[in-house]
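**Student:** Please read through the structure below; I'll follow up with questions.
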Amino acid sequence: MSSRGGTNGSRATRLPWRELREAAKRRAPPPLLGKILYLEKLTVSFDGFKALNGLTLYVDPGELRCIIGPNGAGKTTMMDVITGKTRPDEGSAWFGQDIDLLSLSEPEIAQAGIGRKFQKPSVFEFLSVFENLELALADDKSFWRTLVARLTPAHRERIAEVLKVIGLMKEQRVLAGGLSHGQKQWLEIGMLLMQQPELLLVDEPVAGMTPQETERTAELLLSLAGKHTVVVVEHDMDFVRSIASQVTVLHEGRVLAEGDMDRVQNDPQVIEVYLGA
Amino acid sequence: MTPVAGLLRSPFEDRASLAFLALLAVVAIAVPVLNLSVPPSSAFHLSTYALTLIGKYLCYAMLALAVDLIWGFCGILSLGHAAFFALGGYAMGMYLMRQIGTRGVYGHPVLPDFMVFLNWTDLPWFWYGFDRLWFAMLMVAIVPGVLAYVFGWLAFRSRVTGVYLSIMTQALSYALMLAFFRNDMGFGGNNGFTDFKDILGFDLQEDATRSVLLVITTLSLAASYCGCRAIVNSRAGRVIRAIRDAESRTRFLGYRVESYKLWVFVFSAVVAGVAGALYVPQVGIINPSEFEPINSIEVVIWVAVGGRGTLFGAAAGAALVNYAKTYFTAALPEVWLYALGAIFVGVTLFLPRGLAGLLPAASRRQ
């Protein structure tokens with residue numbers, strides 16, 4: 001904010017500078033600078049039911065943010081808006097300072113640097129683990145280019161790296177449909193890594209995982225934060241406690257509370273919503 | 001560190017491809033030889049009727065390849081591919097009609113008989129150029145390709161999928177059939193085109209001409225197979241399989257799903273059009289019944305019987321089902337449609353991967 005205070009002091013400077021500055025301000029409608037994701041006053045209604053109701057949320061770069069909330073709180077709808085699957089009735093969504101998410105299609109958003117992992121593990125079952133990662137590779141994705149695309153040594157190296165991170169090196173030739181549930185979840189996270197997105201949206205990564213698998217997933221997500229920004233939607237409170245520094249609680253399409261886990265858990269409103277007091 | 005494997009290429013598929021292409025080579029050599037060089041008195045002589053029949057099956061096999069590419073690999077159940085086949089056939093038919101020249105019943109040097117019969121005095125503009133084979137061949141590819149492009153652009157962009165898309169392709173085929181039935185369309189109405197004389201000056205009734213047509217058809221089938229296989233084995237091929245299995249997931253990986261579907265659809269329509277163009281000079285007739293919706297559905301049955309998503313299976317399915325059709329419609333004509341239905345139900349219930357699924361390694365991969 002203070003950076004904008006300088007406008008007064010620079011009256012003396014010549015006009016073009018002021019114009020440029022004004023233009024820059026117009027291009028960056030959100031009031032806060034330096035965030036990676038700006039969601040403001042998002043409203044989505046399905047047949048009168050408001051899945052999102054004036055949701056406002058900011059995410060810092062490199063942050064690992066957990067979003068929790070009871071069923072129907074709007075968590076998945078929020079992900080849908082960010083990734084372009086659902087268009088909001090009102091509000092704005094910006095990725096960084098200059099990418100208006102509401103004006104882009106799903107593939108454009110993906111190529112801009114937002115990757116998404118779905119609630120239900122969705123990998124390509126009739127392709128091998130290796131091929132799943134290959135398709136996720138950050139590369140030219142037009143039809144005519146993929147028709148003649150060959151894997152470069154750098155690509156292979158990258159795939160090998162990710163295979164190692166997700167622990168599926170031995171299974172690389174297996175059809176993804178034959179993997180266990182936990183392995184599919186990891187493969188999907190691996191596909192996210194191949195995309196090298198700035199922002200990862202991860203929907204319920206540990207649903208249906210064994211405690212050991214959950215622990216490894218927590219480690220994996222923690223190792224990603226910093227390099228990437230990670231937004232995790234999760235129901236498993238222990239898991240959330242183990243990874244998140246910042247937690248946002250959604251309820252009825254709005255942000256109910258925000259802060260660290262302890263503060264959120266002791267918030268009377270949150271207790272009321274979760275425990276139905 | 002374990003080395004990273006290359007892409008998963010199934011050796012089975014490579015072997016099957018080789019076997020399929022070898023079989024086509026045998027057909028291309030043996031069939032003309034048995035027809036032309038073996039005297040009719042010999043037991044090994046192949047009749048011209050049989051030769052034409054084989055040529056017809058090869059055209060159907062090409063059509064089946066086109067449908068398998070779009071349905072088996074991209075998951076788009078097109079029930080309108082007979083329309084692209086027929087359009088290619090009509091383009092070829094127009095060339096053959098103009099080759100008749102003064103040998104028609106009315107002996108008009110330019111106008112085909114049906115136009116003279118309708119008291120037309122001038123050749124409609126869209127018949128210009130069809131007196132040249134190269135132009136007709138260009139149209140054989142362009143007309144189905146452009147129609148597929150426009151239709152696909154509208155349908156895929158609006159994200160019409162599944163059964164709704166299938167119904168639209170049926171409607172497209174049906175609409176074209178009604179249009180081609182009209183006399184004033186300028187395509188011979190319900191009689192269509194027939195009574196062809198020659199192609200590039202070679203008599204279509206000659207065994208040698210028919211043999212050459214069969215060889216060209218075999219080569220076209222082999223080329224289409226290699227083209228489809230190349231697409232399927234490329235990264236684009238893996239993307240279209242990804243679209244088939246999880247369309248929205250593919251979108252979130254950054255792929256423009258519509259554009260992939262569109263280009264595969266266009267390619268598939270062009271292959272179907274070429275198949276139709278090769279079909280017409282061999283069977284000697286093209287009329288609006290080729291657009292009938294049931295034809296497109298039959299193609300889907302060939303593919304399902306042979307093995308969806310295998311290419312060679314689809315081609316074999318087309319030949320086998322049509323052989324059965326030839327047999328039944330001669331021996332027990334009233335039974336054929338029941339037999340076709342039974343084959344389809346039987347394959348769906350007991351051989352979900354089609355006949356190709358009976359081969360030992362095919363089940364490993366789709």
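Simple scheme: letters A, B, ... for chains in structure tokens order, numbers from 1 for residues in each chain, numbers from 1 for ligands in the order shown.
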Within 6 Å of chain B, which residues of chain A are there when counting only C-alpha atoms? Please give them as a PyMOL selection string.
**Tutor:** chain A and resi 106-107+110-111+124+136+141+143+146-147+160
**Student:** Write the residues of the selection above to a file with C-alpha atoms, as a PDB file, in the first residue's frame.
**Tutor:**
```
ATOM      1  CA  GLU A 106      -9.124 -24.611 -19.096  1.00  0.00           C
ATOM      2  CA  PRO A 107      -6.110 -25.436 -21.311  1.00  0.00           C
ATOM      3  CA  ALA A 110      -3.214 -24.957 -17.266  1.00  0.00           C
ATOM      4  CA  GLN A 111      -0.557 -23.550 -19.575  1.00  0.00           C
ATOM      5  CA  PHE A 124      -5.215 -42.187 -17.791  1.00  0.00           C
ATOM      6  CA  ALA A 136       1.787 -33.982 -18.419  1.00  0.00           C
ATOM      7  CA  LYS A 141       0.655 -29.023 -26.567  1.00  0.00           C
ATOM      8  CA  PHE A 143      -2.001 -31.185 -32.108  1.00  0.00           C
ATOM      9  CA  THR A 146       2.497 -33.562 -30.533  1.00  0.00           C
ATOM     10  CA  LEU A 147       2.045 -35.477 -33.771  1.00  0.00           C
ATOM     11  CA  ALA A 160      12.980 -40.049 -14.263  1.00  0.00           C
TER      12      ALA A 160
END
```
**Student:** Give me, please, the distance in Å between atom CA of B:Gly201 and atom CA of B:Gly89, quoted to one decimal.
**Tutor:**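 Atom CA of B:Gly201 sits 19.2 Å away from atom CA of B:Gly89.
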**Student:** Taking only C-alpha atoms into account, name the residue in B:Arg308, B:Arg210, B:Arg103, B:Arg157 that is nearest to B:Leu65.
**Tutor:** B:Arg308
**Student:** B:Val321: which residues within 9 Å, counting only C-alpha atoms, same-chain residues fewer than 3 positions away excluded, as a PyMOL selection string?
**Tutor:** chain B and resi 301-302+305-306+316-318+324-326+340+343
**Student:** List every residue of stretch 147-247 of chain A that DSSP, applied to the backbone of this structure, places in strand (DSSP E or B), and write the result as a list in words.
**Tutor:**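 Residues meeting the strand (DSSP E or B) criterion: Leu175, Leu199, Leu200, Leu201, Val202, Asp203, Ala225, His228, Thr229, Val230, Val231, Val232, Val233, Gln246 and Val247 of chain A.
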**Student:** Write the residues you've just listed into a file as a short mmCIF file (atom, residue, chain, number, x, y, z; two decimals), in the first residue's frame, and include N, CA and C atoms for each of them.
**Tutor:**
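Output contents, as saved in out02.cif:
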```cif
data_model
loop_
_atom_site.label_atom_id
_atom_site.label_comp_id
_atom_site.auth_asym_id
_atom_site.auth_seq_id
_atom_site.Cartn_x
_atom_site.Cartn_y
_atom_site.Cartn_z
N LEU A 175 0.41 -50.23 -16.80
CA LEU A 175 -0.72 -49.37 -17.13
C LEU A 175 -1.24 -48.74 -15.84
N LEU A 199 1.31 -22.79 -9.37
CA LEU A 199 0.28 -23.00 -8.36
C LEU A 199 -0.31 -24.41 -8.51
N LEU A 200 -0.28 -25.18 -7.44
CA LEU A 200 -0.85 -26.52 -7.46
C LEU A 200 -2.13 -26.51 -6.64
N LEU A 201 -3.20 -27.00 -7.23
CA LEU A 201 -4.44 -27.15 -6.48
C LEU A 201 -4.63 -28.64 -6.25
N VAL A 202 -4.70 -29.02 -5.00
CA VAL A 202 -4.73 -30.44 -4.68
C VAL A 202 -6.01 -30.73 -3.90
N ASP A 203 -6.88 -31.53 -4.51
CA ASP A 203 -8.18 -31.82 -3.88
C ASP A 203 -8.12 -33.17 -3.18
N ALA A 225 6.18 -27.07 -1.24
CA ALA A 225 5.92 -25.68 -0.84
C ALA A 225 7.22 -24.90 -0.89
N HIS A 228 6.85 -24.15 -5.17
CA HIS A 228 5.55 -23.94 -5.78
C HIS A 228 4.61 -23.41 -4.70
N THR A 229 3.51 -22.87 -5.15
CA THR A 229 2.46 -22.53 -4.20
C THR A 229 1.48 -23.70 -4.20
N VAL A 230 1.11 -24.16 -3.03
CA VAL A 230 0.25 -25.34 -2.97
C VAL A 230 -1.02 -25.00 -2.20
N VAL A 231 -2.15 -25.27 -2.80
CA VAL A 231 -3.43 -25.11 -2.10
C VAL A 231 -4.06 -26.49 -1.98
N VAL A 232 -4.28 -26.92 -0.74
CA VAL A 232 -4.79 -28.27 -0.50
C VAL A 232 -6.18 -28.19 0.10
N VAL A 233 -7.10 -28.92 -0.49
CA VAL A 233 -8.42 -29.08 0.13
C VAL A 233 -8.42 -30.42 0.82
N GLN A 246 -1.03 -22.15 7.35
CA GLN A 246 -2.21 -21.30 7.19
C GLN A 246 -3.41 -22.14 6.79
N VAL A 247 -4.51 -21.93 7.49
CA VAL A 247 -5.72 -22.69 7.19
C VAL A 247 -6.85 -21.71 6.92
#
```
**Student:** Show me, as a PyMOL selection string, the residues that have an atom within 10 Å of stretch 42-59 of chain A when counting only C-alpha atoms, minus same-chain residues fewer than 2 positions from it.
**Tutor:** chain A and resi 30+32+34-40+61-65+72-78+81+86-96+199+229-231+246+248+250-256+258
**Student:** To test your reading of the structure, identify every residue in stretch 65-178 of chain A that backbone DSSP assigns to helix (DSSP H, G or I), and report it as a PyMOL selection string.
**Tutor:** chain A and resi 75-83+101-103+106-112+129-136+143-148+153-165+176-178
**Student:** List the spatial neighbours of B:Leu77 as a list in words - criterion: any atom at most 10 Å away, only C-alpha atoms, same-chain residues fewer than 3 positions off excluded.
**Tutor:** Val67, Asp68, Ile70, Trp71, Gly72, Cys74, Gly80, His81, Thr161, Gly162, Val163, Tyr164, Leu165, Ser166, Ile167, Thr169, Ile297 and Val300 of chain B
**Student:** Would you mind listing what lies within 12 Å of B:Leu219 as a VMD selection string, with only C-alpha atoms counted and same-chain residues fewer than 2 positions away left out?
**Tutor:** chain B and resid 21 to 29 55 58 to 59 62 212 to 217 221 to 226 274 to 275 278
**Student:** So that I have them on file, write out the residues from the current selection with C-alpha atoms, as a compact mmCIF listing (two decimals), in the first residue's frame.
**Tutor:**
```txt
# COMPACT_ATOMS: atom_id res chain seq x y z
CA LEU B 21 0.59 -55.51 -44.13
CA ALA B 22 2.05 -58.83 -45.32
CA LEU B 23 -1.46 -60.18 -45.79
CA LEU B 24 -2.37 -57.13 -47.87
CA ALA B 25 0.73 -57.65 -50.00
CA VAL B 26 -0.33 -61.24 -50.62
CA VAL B 27 -3.83 -60.11 -51.60
CA ALA B 28 -2.45 -57.44 -53.92
CA ILE B 29 -0.30 -59.97 -55.73
CA GLY B 55 -12.10 -55.15 -53.70
CA LEU B 58 -11.02 -53.80 -48.89
CA CYS B 59 -12.93 -50.53 -49.28
CA MET B 62 -10.68 -48.76 -45.01
CA VAL B 212 -5.48 -52.59 -61.07
CA LEU B 213 -8.29 -51.01 -59.05
CA LEU B 214 -7.96 -53.81 -56.52
CA VAL B 215 -4.22 -53.27 -56.23
CA ILE B 216 -4.74 -49.52 -55.77
CA THR B 217 -7.37 -50.22 -53.12
CA LEU B 221 -5.74 -49.54 -47.31
CA ALA B 222 -2.12 -50.20 -46.38
CA ALA B 223 -1.33 -46.47 -46.50
CA SER B 224 -4.39 -45.63 -44.39
CA TYR B 225 -3.37 -48.29 -41.91
CA CYS B 226 0.15 -46.89 -41.65
CA VAL B 274 -11.12 -42.15 -50.29
CA ALA B 275 -12.58 -45.55 -49.46
CA LEU B 278 -12.39 -46.57 -54.63
```
**Student:** For a quick check of understanding, using only C-alpha atoms, which of B:Leu358, B:Leu51, B:Ala61, B:Val270 has the smallest distance to B:Ala148?
**Tutor:**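 Under the stated criterion, the closest residue is B:Val270.
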**Student:** Give me, as a list in words, all polymer residues having an atom no more than 10 Å from B:Phe344, counting only C-alpha atoms and skipping those fewer than 2 positions away in the same chain.
**Tutor:**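 Near B:Phe344, the qualifying residues are Glu298, Val300, Ile301, Trp302, Ala304, Val305, Tyr338, Ala339, Leu340, Gly341, Ala342, Gly346, Val347, Thr348, Leu349, Leu351 and Gly354 of chain B.
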**Student:** Can you measure atom CA of B:Ala175 to atom CA of B:Phe196 for me? One decimal in Å is fine.
**Tutor:**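 Atom-to-atom, atom CA of B:Ala175 and atom CA of B:Phe196 are spaced 26.6 Å apart.
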**Student:** Could you jot down the atom CA of B:Tyr149 to atom CA of B:Gln170 separation for me, Å, one decimal place?
**Tutor:**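 Separation between atom CA of B:Tyr149 and atom CA of B:Gln170: 16.3 Å.
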